[in-house]
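One file, start03.cif, carrying mmCIF, C-alpha atoms and all ligand atoms:
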```cif
data_work
loop_
_atom_site.group_PDB
_atom_site.id
_atom_site.type_symbol
_atom_site.label_atom_id
_atom_site.label_comp_id
_atom_site.auth_asym_id
_atom_site.auth_seq_id
_atom_site.Cartn_x
_atom_site.Cartn_y
_atom_site.Cartn_z
ATOM 1 C CA MET G 1 -33.311 15.659 -21.447
ATOM 2 C CA SER G 2 -32.147 12.617 -19.500
ATOM 3 C CA ASP G 3 -28.484 13.476 -18.802
ATOM 4 C CA VAL G 4 -28.551 17.204 -18.196
ATOM 5 C CA LYS G 5 -25.043 18.490 -17.570
ATOM 6 C CA ASP G 6 -22.838 21.542 -18.147
ATOM 7 C CA LEU G 7 -25.864 23.544 -19.101
ATOM 8 C CA VAL G 8 -26.333 27.320 -19.276
ATOM 9 C CA GLN G 9 -29.784 28.804 -18.692
ATOM 10 C CA VAL G 10 -30.747 32.461 -18.979
ATOM 11 C CA ALA G 11 -34.044 33.599 -17.477
ATOM 12 C CA GLY G 12 -36.395 36.488 -18.067
ATOM 13 C CA ILE G 13 -36.645 36.520 -21.867
ATOM 14 C CA ILE G 14 -38.621 39.561 -22.883
ATOM 15 C CA ASP G 15 -39.082 39.180 -26.639
ATOM 16 C CA ALA G 16 -38.063 37.333 -29.813
ATOM 17 C CA GLU G 17 -35.118 39.638 -30.468
ATOM 18 C CA GLU G 18 -33.651 38.833 -27.061
ATOM 19 C CA ALA G 19 -34.227 35.093 -27.551
ATOM 20 C CA LYS G 20 -32.381 35.302 -30.890
ATOM 21 C CA LEU G 21 -29.423 37.013 -29.200
ATOM 22 C CA LEU G 22 -29.279 34.308 -26.506
ATOM 23 C CA ALA G 23 -29.459 31.515 -29.097
ATOM 24 C CA GLU G 24 -26.667 33.117 -31.128
ATOM 25 C CA GLU G 25 -24.476 33.296 -28.019
ATOM 26 C CA GLY G 26 -24.933 29.604 -27.232
ATOM 27 C CA VAL G 27 -27.397 29.632 -24.325
ATOM 28 C CA ASP G 28 -28.999 26.198 -23.818
ATOM 29 C CA TRP G 29 -32.180 26.840 -21.874
ATOM 30 C CA PHE G 30 -34.421 29.888 -21.993
ATOM 31 C CA GLY G 31 -36.458 30.677 -18.864
ATOM 32 C CA PHE G 32 -39.865 32.327 -19.224
ATOM 33 C CA PRO G 33 -41.318 33.639 -15.927
ATOM 34 C CA LEU G 34 -45.077 33.728 -16.540
ATOM 35 C CA ARG G 35 -48.242 34.354 -14.496
ATOM 36 C CA LEU G 36 -46.082 35.869 -11.779
ATOM 37 C CA PRO G 37 -47.850 36.796 -8.520
ATOM 38 C CA SER G 38 -47.050 40.465 -9.247
ATOM 39 C CA GLY G 39 -49.199 40.234 -12.400
ATOM 40 C CA LYS G 40 -46.398 42.001 -14.249
ATOM 41 C CA ASP G 41 -45.041 39.484 -16.766
ATOM 42 C CA ASP G 42 -42.356 40.835 -19.116
ATOM 43 C CA ILE G 43 -43.711 38.910 -22.107
ATOM 44 C CA SER G 44 -47.136 37.738 -23.262
ATOM 45 C CA GLU G 45 -48.015 34.036 -23.197
ATOM 46 C CA ALA G 46 -48.642 34.163 -26.948
ATOM 47 C CA GLU G 47 -45.189 35.578 -27.735
ATOM 48 C CA ALA G 48 -43.481 33.144 -25.340
ATOM 49 C CA THR G 49 -45.299 30.237 -27.045
ATOM 50 C CA GLU G 50 -44.124 31.409 -30.461
ATOM 51 C CA ILE G 51 -40.492 31.757 -29.328
ATOM 52 C CA ILE G 52 -40.540 28.326 -27.648
ATOM 53 C CA ALA G 53 -41.898 26.722 -30.839
ATOM 54 C CA GLY G 54 -38.962 28.204 -32.766
ATOM 55 C CA LEU G 55 -36.229 26.821 -30.491
ATOM 56 C CA THR G 56 -34.214 23.874 -31.782
ATOM 57 C CA ALA G 57 -32.793 21.126 -29.547
ATOM 58 C CA PRO G 58 -30.641 21.182 -27.479
ATOM 59 C CA GLN G 59 -32.189 24.600 -26.860
ATOM 60 C CA GLU G 60 -35.274 24.341 -24.672
ATOM 61 C CA GLY G 61 -37.842 26.734 -23.275
ATOM 62 C CA VAL G 62 -38.490 26.466 -19.537
ATOM 63 C CA LEU G 63 -41.606 27.772 -17.804
ATOM 64 C CA ILE G 64 -40.700 29.579 -14.558
ATOM 65 C CA SER G 65 -43.780 29.498 -12.361
ATOM 66 C CA TYR G 66 -45.181 30.068 -8.897
ATOM 67 C CA MET G 67 -48.060 27.656 -9.541
ATOM 68 C CA VAL G 68 -48.464 24.974 -6.891
ATOM 69 C CA ASP G 69 -51.214 22.772 -8.358
ATOM 70 C CA ALA G 70 -50.049 19.797 -10.458
ATOM 71 C CA ASP G 71 -53.018 19.907 -12.861
ATOM 72 C CA GLU G 72 -52.600 23.637 -13.475
ATOM 73 C CA ILE G 73 -48.845 23.274 -14.007
ATOM 74 C CA SER G 74 -49.412 20.423 -16.440
ATOM 75 C CA ALA G 75 -52.036 22.335 -18.428
ATOM 76 C CA PHE G 76 -49.924 25.486 -18.666
ATOM 77 C CA THR G 77 -46.809 23.635 -19.828
ATOM 78 C CA THR G 78 -48.891 21.949 -22.530
ATOM 79 C CA GLN G 79 -50.300 25.320 -23.608
ATOM 80 C CA LEU G 80 -46.781 26.776 -23.916
ATOM 81 C CA GLY G 81 -45.222 23.702 -25.516
ATOM 82 C CA VAL G 82 -42.385 23.454 -22.985
ATOM 83 C CA LYS G 83 -40.732 20.202 -21.914
ATOM 84 C CA ALA G 84 -39.418 21.670 -18.645
ATOM 85 C CA VAL G 85 -40.834 23.652 -15.743
ATOM 86 C CA GLN G 86 -39.032 25.474 -12.941
ATOM 87 C CA LEU G 87 -41.221 25.654 -9.852
ATOM 88 C CA HIS G 88 -40.487 28.637 -7.655
ATOM 89 C CA GLY G 89 -43.487 28.441 -5.311
ATOM 90 C CA ASP G 90 -44.102 26.434 -2.144
ATOM 91 C CA VAL G 91 -45.219 23.259 -3.905
ATOM 92 C CA THR G 92 -45.962 20.426 -1.494
ATOM 93 C CA PRO G 93 -44.289 17.020 -1.816
ATOM 94 C CA GLU G 94 -47.757 15.585 -2.588
ATOM 95 C CA GLU G 95 -48.243 17.901 -5.573
ATOM 96 C CA LEU G 96 -44.716 17.157 -6.818
ATOM 97 C CA ARG G 97 -45.497 13.444 -6.620
ATOM 98 C CA LYS G 98 -48.766 14.001 -8.478
ATOM 99 C CA LEU G 99 -47.038 16.057 -11.183
ATOM 100 C CA LYS G 100 -44.532 13.243 -11.765
ATOM 101 C CA ASP G 101 -47.403 10.732 -11.900
ATOM 102 C CA ILE G 102 -49.489 12.628 -14.428
ATOM 103 C CA ARG G 103 -46.586 14.056 -16.459
ATOM 104 C CA PRO G 104 -43.594 11.676 -16.374
ATOM 105 C CA ASP G 105 -42.423 13.340 -19.606
ATOM 106 C CA LEU G 106 -42.077 16.786 -17.986
ATOM 107 C CA TYR G 107 -38.620 17.775 -16.699
ATOM 108 C CA VAL G 108 -39.246 19.311 -13.262
ATOM 109 C CA LEU G 109 -36.844 21.734 -11.608
ATOM 110 C CA LYS G 110 -37.623 22.713 -8.012
ATOM 111 C CA SER G 111 -36.149 25.853 -6.480
ATOM 112 C CA LEU G 112 -34.265 25.836 -3.206
ATOM 113 C CA VAL G 113 -34.322 29.457 -2.084
ATOM 114 C CA VAL G 114 -31.384 30.093 0.214
ATOM 115 C CA LYS G 115 -31.963 32.403 3.203
ATOM 116 C CA GLU G 116 -29.650 33.364 6.063
ATOM 117 C CA ASP G 117 -30.625 30.423 8.249
ATOM 118 C CA ASN G 118 -32.515 27.752 6.266
ATOM 119 C CA ALA G 119 -29.755 25.388 5.068
ATOM 120 C CA GLU G 120 -30.932 22.449 7.201
ATOM 121 C CA GLU G 121 -34.528 22.934 6.063
ATOM 122 C CA LEU G 122 -33.418 22.861 2.398
ATOM 123 C CA LEU G 123 -31.347 19.718 2.922
ATOM 124 C CA GLN G 124 -34.333 17.948 4.477
ATOM 125 C CA PHE G 125 -36.572 19.113 1.637
ATOM 126 C CA VAL G 126 -34.120 17.631 -0.887
ATOM 127 C CA ASP G 127 -34.309 14.273 0.905
ATOM 128 C CA GLU G 128 -38.103 14.454 0.911
ATOM 129 C CA VAL G 129 -38.815 15.360 -2.714
ATOM 130 C CA ALA G 130 -35.779 14.270 -4.774
ATOM 131 C CA GLU G 131 -37.598 11.245 -6.204
ATOM 132 C CA PHE G 132 -40.288 13.496 -7.765
ATOM 133 C CA VAL G 133 -37.883 16.114 -9.145
ATOM 134 C CA ASP G 134 -35.436 15.975 -12.065
ATOM 135 C CA MET G 135 -33.205 18.836 -10.990
ATOM 136 C CA PHE G 136 -32.973 21.370 -8.167
ATOM 137 C CA ILE G 137 -32.138 25.046 -8.628
ATOM 138 C CA THR G 138 -30.672 27.110 -5.825
ATOM 139 C CA ASP G 139 -31.612 30.771 -5.738
ATOM 140 C CA THR G 140 -31.277 33.739 -3.385
ATOM 141 C CA PHE G 141 -33.906 35.239 -1.053
ATOM 142 C CA ASN G 142 -34.006 39.019 -0.738
ATOM 143 C CA PRO G 143 -35.157 39.803 2.832
ATOM 144 C CA ALA G 144 -35.705 43.461 1.937
ATOM 145 C CA THR G 145 -38.346 42.715 -0.723
ATOM 146 C CA GLY G 146 -39.351 39.106 -0.046
ATOM 147 C CA ALA G 147 -38.333 38.215 -3.632
ATOM 148 C CA LYS G 148 -37.303 34.606 -4.271
ATOM 149 C CA GLY G 149 -35.941 35.005 -7.778
ATOM 150 C CA ALA G 150 -34.254 37.456 -10.120
ATOM 151 C CA THR G 151 -32.797 39.239 -7.081
ATOM 152 C CA GLY G 152 -29.313 39.698 -8.545
ATOM 153 C CA LEU G 153 -27.980 38.661 -5.128
ATOM 154 C CA THR G 154 -25.548 35.878 -4.315
ATOM 155 C CA HIS G 155 -25.979 33.617 -1.280
ATOM 156 C CA ASP G 156 -23.582 31.536 0.800
ATOM 157 C CA TRP G 157 -22.048 29.191 -1.780
ATOM 158 C CA ASN G 158 -21.232 26.717 1.003
ATOM 159 C CA VAL G 159 -24.972 26.031 1.181
ATOM 160 C CA SER G 160 -25.226 25.368 -2.567
ATOM 161 C CA ALA G 161 -22.145 23.130 -2.416
ATOM 162 C CA GLU G 162 -23.654 21.147 0.459
ATOM 163 C CA LEU G 163 -26.917 20.762 -1.489
ATOM 164 C CA VAL G 164 -24.960 19.429 -4.501
ATOM 165 C CA ARG G 165 -23.273 16.846 -2.274
ATOM 166 C CA ARG G 166 -26.578 15.819 -0.673
ATOM 167 C CA SER G 167 -28.829 15.715 -3.730
ATOM 168 C CA PRO G 168 -29.150 12.534 -5.775
ATOM 169 C CA LYS G 169 -30.426 14.758 -8.594
ATOM 170 C CA PRO G 170 -28.407 17.368 -10.517
ATOM 171 C CA LEU G 171 -28.447 20.951 -9.327
ATOM 172 C CA MET G 172 -28.573 24.209 -11.264
ATOM 173 C CA MET G 173 -26.993 27.132 -9.489
ATOM 174 C CA ALA G 174 -28.564 30.608 -9.640
ATOM 175 C CA GLY G 175 -28.600 33.822 -7.661
ATOM 176 C CA GLY G 176 -26.457 36.826 -8.513
ATOM 177 C CA LEU G 177 -24.361 34.983 -11.081
ATOM 178 C CA SER G 178 -22.518 37.214 -13.530
ATOM 179 C CA PRO G 179 -19.822 36.924 -16.215
ATOM 180 C CA GLU G 180 -17.314 37.836 -13.508
ATOM 181 C CA ASN G 181 -18.245 35.325 -10.798
ATOM 182 C CA VAL G 182 -19.746 32.340 -12.651
ATOM 183 C CA ALA G 183 -16.454 30.482 -13.165
ATOM 184 C CA ASP G 184 -15.588 30.753 -9.450
ATOM 185 C CA ALA G 185 -19.121 29.607 -8.585
ATOM 186 C CA ILE G 186 -18.817 26.527 -10.800
ATOM 187 C CA ARG G 187 -15.383 25.631 -9.404
ATOM 188 C CA PHE G 188 -16.622 26.014 -5.811
ATOM 189 C CA VAL G 189 -20.120 24.501 -5.988
ATOM 190 C CA LYS G 190 -19.683 22.020 -8.880
ATOM 191 C CA PRO G 191 -23.258 22.303 -10.163
ATOM 192 C CA ALA G 192 -24.598 20.547 -13.257
ATOM 193 C CA ALA G 193 -25.937 23.810 -14.631
ATOM 194 C CA VAL G 194 -25.946 27.566 -14.063
ATOM 195 C CA ASP G 195 -28.569 30.238 -14.538
ATOM 196 C CA ALA G 196 -28.561 34.029 -14.570
ATOM 197 C CA HIS G 197 -30.919 36.909 -15.184
ATOM 198 C CA SER G 198 -30.351 40.383 -13.699
ATOM 199 C CA LEU G 199 -26.599 40.712 -14.086
ATOM 200 C CA LEU G 200 -26.709 39.940 -17.795
ATOM 201 C CA GLU G 201 -28.793 43.042 -18.465
ATOM 202 C CA GLY G 202 -27.610 46.412 -19.677
ATOM 203 C CA ASP G 203 -28.916 49.808 -18.549
ATOM 204 C CA ASP G 204 -31.877 49.346 -20.916
ATOM 205 C CA ARG G 205 -32.946 46.226 -18.928
ATOM 206 C CA ARG G 206 -32.334 44.015 -21.982
ATOM 207 C CA LYS G 207 -29.758 41.211 -22.129
ATOM 208 C CA ASP G 208 -26.399 42.639 -23.140
ATOM 209 C CA ARG G 209 -24.665 40.638 -25.885
ATOM 210 C CA ALA G 210 -21.152 41.044 -24.469
ATOM 211 C CA LYS G 211 -22.267 40.014 -20.959
ATOM 212 C CA VAL G 212 -24.135 36.958 -22.267
ATOM 213 C CA ALA G 213 -21.183 35.911 -24.452
ATOM 214 C CA LYS G 214 -18.756 36.197 -21.529
ATOM 215 C CA PHE G 215 -21.156 34.380 -19.174
ATOM 216 C CA VAL G 216 -21.466 31.448 -21.608
ATOM 217 C CA ALA G 217 -17.708 31.320 -22.320
ATOM 218 C CA GLU G 218 -16.737 31.478 -18.622
ATOM 219 C CA SER G 219 -19.305 28.793 -17.773
ATOM 220 C CA ARG G 220 -18.109 26.425 -20.507
ATOM 221 C CA LYS G 221 -14.473 26.919 -19.480
ATOM 222 C CA ALA G 222 -15.179 26.210 -15.807
ATOM 223 C CA PHE G 223 -17.392 23.184 -16.565
ATOM 224 C CA ALA G 224 -14.535 21.752 -18.638
ATOM 225 C CA GLU G 225 -12.106 22.413 -15.779
ATOM 226 C CA ILE G 226 -14.156 20.617 -13.138
ATOM 227 C CA ALA G 227 -14.734 17.674 -15.469
ATOM 228 C CA THR G 228 -10.991 17.009 -15.594
ATOM 229 C CA ALA G 229 -10.128 17.951 -11.993
HETATM 230 O O1 LIG G 301 -36.399 35.597 -13.817
HETATM 231 C C1 LIG G 301 -37.376 36.122 -13.279
HETATM 232 O O2 LIG G 301 -37.903 37.191 -13.672
HETATM 233 C C2 LIG G 301 -37.970 35.482 -12.082
HETATM 234 C C3 LIG G 301 -38.997 36.107 -11.434
HETATM 235 C C4 LIG G 301 -39.542 35.513 -10.329
HETATM 236 C C5 LIG G 301 -39.062 34.303 -9.886
HETATM 237 C C6 LIG G 301 -38.030 33.677 -10.522
HETATM 238 C C7 LIG G 301 -37.475 34.266 -11.624
HETATM 239 N N1 LIG G 301 -36.437 33.699 -12.283
HETATM 240 C C8 LIG G 301 -35.823 32.506 -11.858
HETATM 241 C C9 LIG G 301 -34.497 32.377 -12.381
HETATM 242 O O3 LIG G 301 -34.130 31.311 -12.814
HETATM 243 C C10 LIG G 301 -33.548 33.556 -12.280
HETATM 244 O O4 LIG G 301 -32.662 33.580 -13.324
HETATM 245 C C11 LIG G 301 -32.851 33.400 -10.961
HETATM 246 O O5 LIG G 301 -33.754 33.838 -10.006
HETATM 247 C C12 LIG G 301 -31.528 34.197 -10.864
HETATM 248 O O6 LIG G 301 -31.763 35.548 -11.016
HETATM 249 P P1 LIG G 301 -30.558 36.584 -10.824
HETATM 250 O O7 LIG G 301 -30.120 36.520 -9.405
HETATM 251 O O8 LIG G 301 -31.166 37.879 -11.209
HETATM 252 O O9 LIG G 301 -29.472 36.169 -11.775
#
```

Could you rewrite the structure in this file as structure tokens?
Ligand SMILES: O=C(O)c1ccccc1NCC(=O)[C@H](O)[C@H](O)COP(=O)(O)O
Amino acid sequence: MSDVKDLVQVAGIIDAEEAKLLAEEGVDWFGFPLRLPSGKDDISEAEATEIIAGLTAPQEGVLISYMVDADEISAFTTQLGVKAVQLHGDVTPEELRKLKDIRPDLYVLKSLVVKEDNAEELLQFVDEVAEFVDMFITDTFNPATGAKGATGLTHDWNVSAELVRRSPKPLMMAGGLSPENVADAIRFVKPAAVDAHSLLEGDDRRKDRAKVAKFVAESRKAFAEIATA
């Protein structure tokens, strides 16, 4: 997982059938939000562990977590058998440093949740923690609900683009990405990776095969374009 580039992640896997669909459509990383503060996980830890064990490289399972304690994060990733964790909570720079110290093998993604007026704060945070993080992921804040992830909302892509320019580490872009807008997002922001959840679902709240296929195809096409631009 050293040179992570042109990667497509889909988050919010709810069962083995959905994971199989995503694998068949060429998704690289599979995000499992677990132990959410709401207490309402979409999948059990046991089923997530089984799915993760069945993935074959370059496919990887990623724990999406609000945990903020390095020891707890480390223990939970070991339990699940994941090589990567996406930290969505307010983890301090000290805990990020500790996590890197105790688990140099773990690929750590830290979220940068974009609000109306916090671009400068995010840029400073990147400067502060980049050495303890392997990748950043931008996401969108929903002021109406306070949600920091899976909002289905886009944010100001100028902020994501500025974070890409500033960060010495690769950046995954997320927040309201869909089959229709992902290519424009990649061309504008030039991220190393993209991620989506809500807008790949059908009315039954499961991932829709046609939407996933188009999201992957549009992403690959745009990544190829920016590589040659
Ligand atoms: O995916 C979730 O259910 C989730 C829940 C709580 C925090 C983060 C979560 N996911 C993180 C992701 O990587 C999502 O895919 C990302 O927030 C984008 O979601 P969306 O805007 O719905 O595409």

With the PyMOL selection byres (((chain G and resi 33) around 8) and not hetatm) as the selection, what would be picked from this file? Answer as a PDB file with C-alpha atoms, in the frame of the given file, please.
```pdb
ATOM      1  CA  ALA G  11     -34.044  33.599 -17.477  1.00  0.00           C
ATOM      2  CA  GLY G  12     -36.395  36.488 -18.067  1.00  0.00           C
ATOM      3  CA  GLY G  31     -36.458  30.677 -18.864  1.00  0.00           C
ATOM      4  CA  PHE G  32     -39.865  32.327 -19.224  1.00  0.00           C
ATOM      5  CA  LEU G  34     -45.077  33.728 -16.540  1.00  0.00           C
ATOM      6  CA  ARG G  35     -48.242  34.354 -14.496  1.00  0.00           C
ATOM      7  CA  LEU G  36     -46.082  35.869 -11.779  1.00  0.00           C
ATOM      8  CA  ASP G  41     -45.041  39.484 -16.766  1.00  0.00           C
ATOM      9  CA  ASP G  42     -42.356  40.835 -19.116  1.00  0.00           C
ATOM     10  CA  LEU G  63     -41.606  27.772 -17.804  1.00  0.00           C
ATOM     11  CA  ILE G  64     -40.700  29.579 -14.558  1.00  0.00           C
ATOM     12  CA  SER G  65     -43.780  29.498 -12.361  1.00  0.00           C
TER      13      SER G  65
END
```

**Report entry** Site check for ligand LIG 301 (chain G): residues at most 9 Å away, all atoms listed in the file, as a PyMOL selection string
**Finding:** chain G and resi 9-13+31-34+36-37+41-42+64-66+86-89+111+137-140+147-154+173-178+195-200

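The list of residues with at least one atom within 12 Å of Pro170 (chain G), based on all atoms listed in the file and without residues fewer than 6 positions apart in the same chain, reads Ser2, Asp3, Val4, Lys5, Asp6, Leu7, Tyr107, Val108, Leu109, Lys110, Val126, Ala130, Glu131, Val133, Asp134, Met135, Phe136, Ile137, Thr138, Ser160, Ala161, Leu163, Val164, Val189, Lys190, Pro191, Ala192, Ala193 and Val194 of chain G.
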
Query raised in the report: How many Å separate CA of Leu99 (chain G) from CA of Ser74 (chain G)?
Result: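 CA of Ser74 (chain G) lies at a distance of 7.2 Å from CA of Leu99 (chain G).
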
Query raised in the report: When you draw a straight line from CA of Leu96 (chain G) to CA of Ile73 (chain G), how long is it in Å?
Result: 10.3 Å

Requested in this report: Report as a PyMOL selection string the full result of the PyMOL selection byres (((chain G and resi 46) around 12) and not hetatm) when it is applied to this structure.
Outcome: chain G and resi 15-16+32+34+43-45+47-53+79-81

Requested in this report: Would you mind reading off the distance between CA of Phe141 (chain G) and CA of Val114 (chain G), one decimal, in Å?
Outcome: 5.9 Å

Query - Neighbours of point (-15.3, 35.6, -19.0) within 9 Å, using all atoms listed in the file, written as a ChimeraX atom specification - result: /G:179-183,211,213-219,221

Requested in this report: Could you give me, as a PyMOL selection string, the residues that sit within 7 Å of (-41.7, 24.6, -19.7) in the file's coordinates, counting all atoms listed in the file?
Outcome: chain G and resi 61-63+77+80-85

Query raised in the report: So which one's closest to Ile102 (chain G), G:Asp90, G:Glu128, G:Glu201, G:Glu72? Using only C-alpha atoms, please.
Result: G:Glu72

Requested in this report: Skip Val129 (chain G) itself and residues of its chain fewer than 4 positions away, then list as a VMD selection string all residues within 9 Å of it, counting all atoms listed in the file.
Outcome: chain G and resid 92 to 94 96 to 97 124 to 125 133
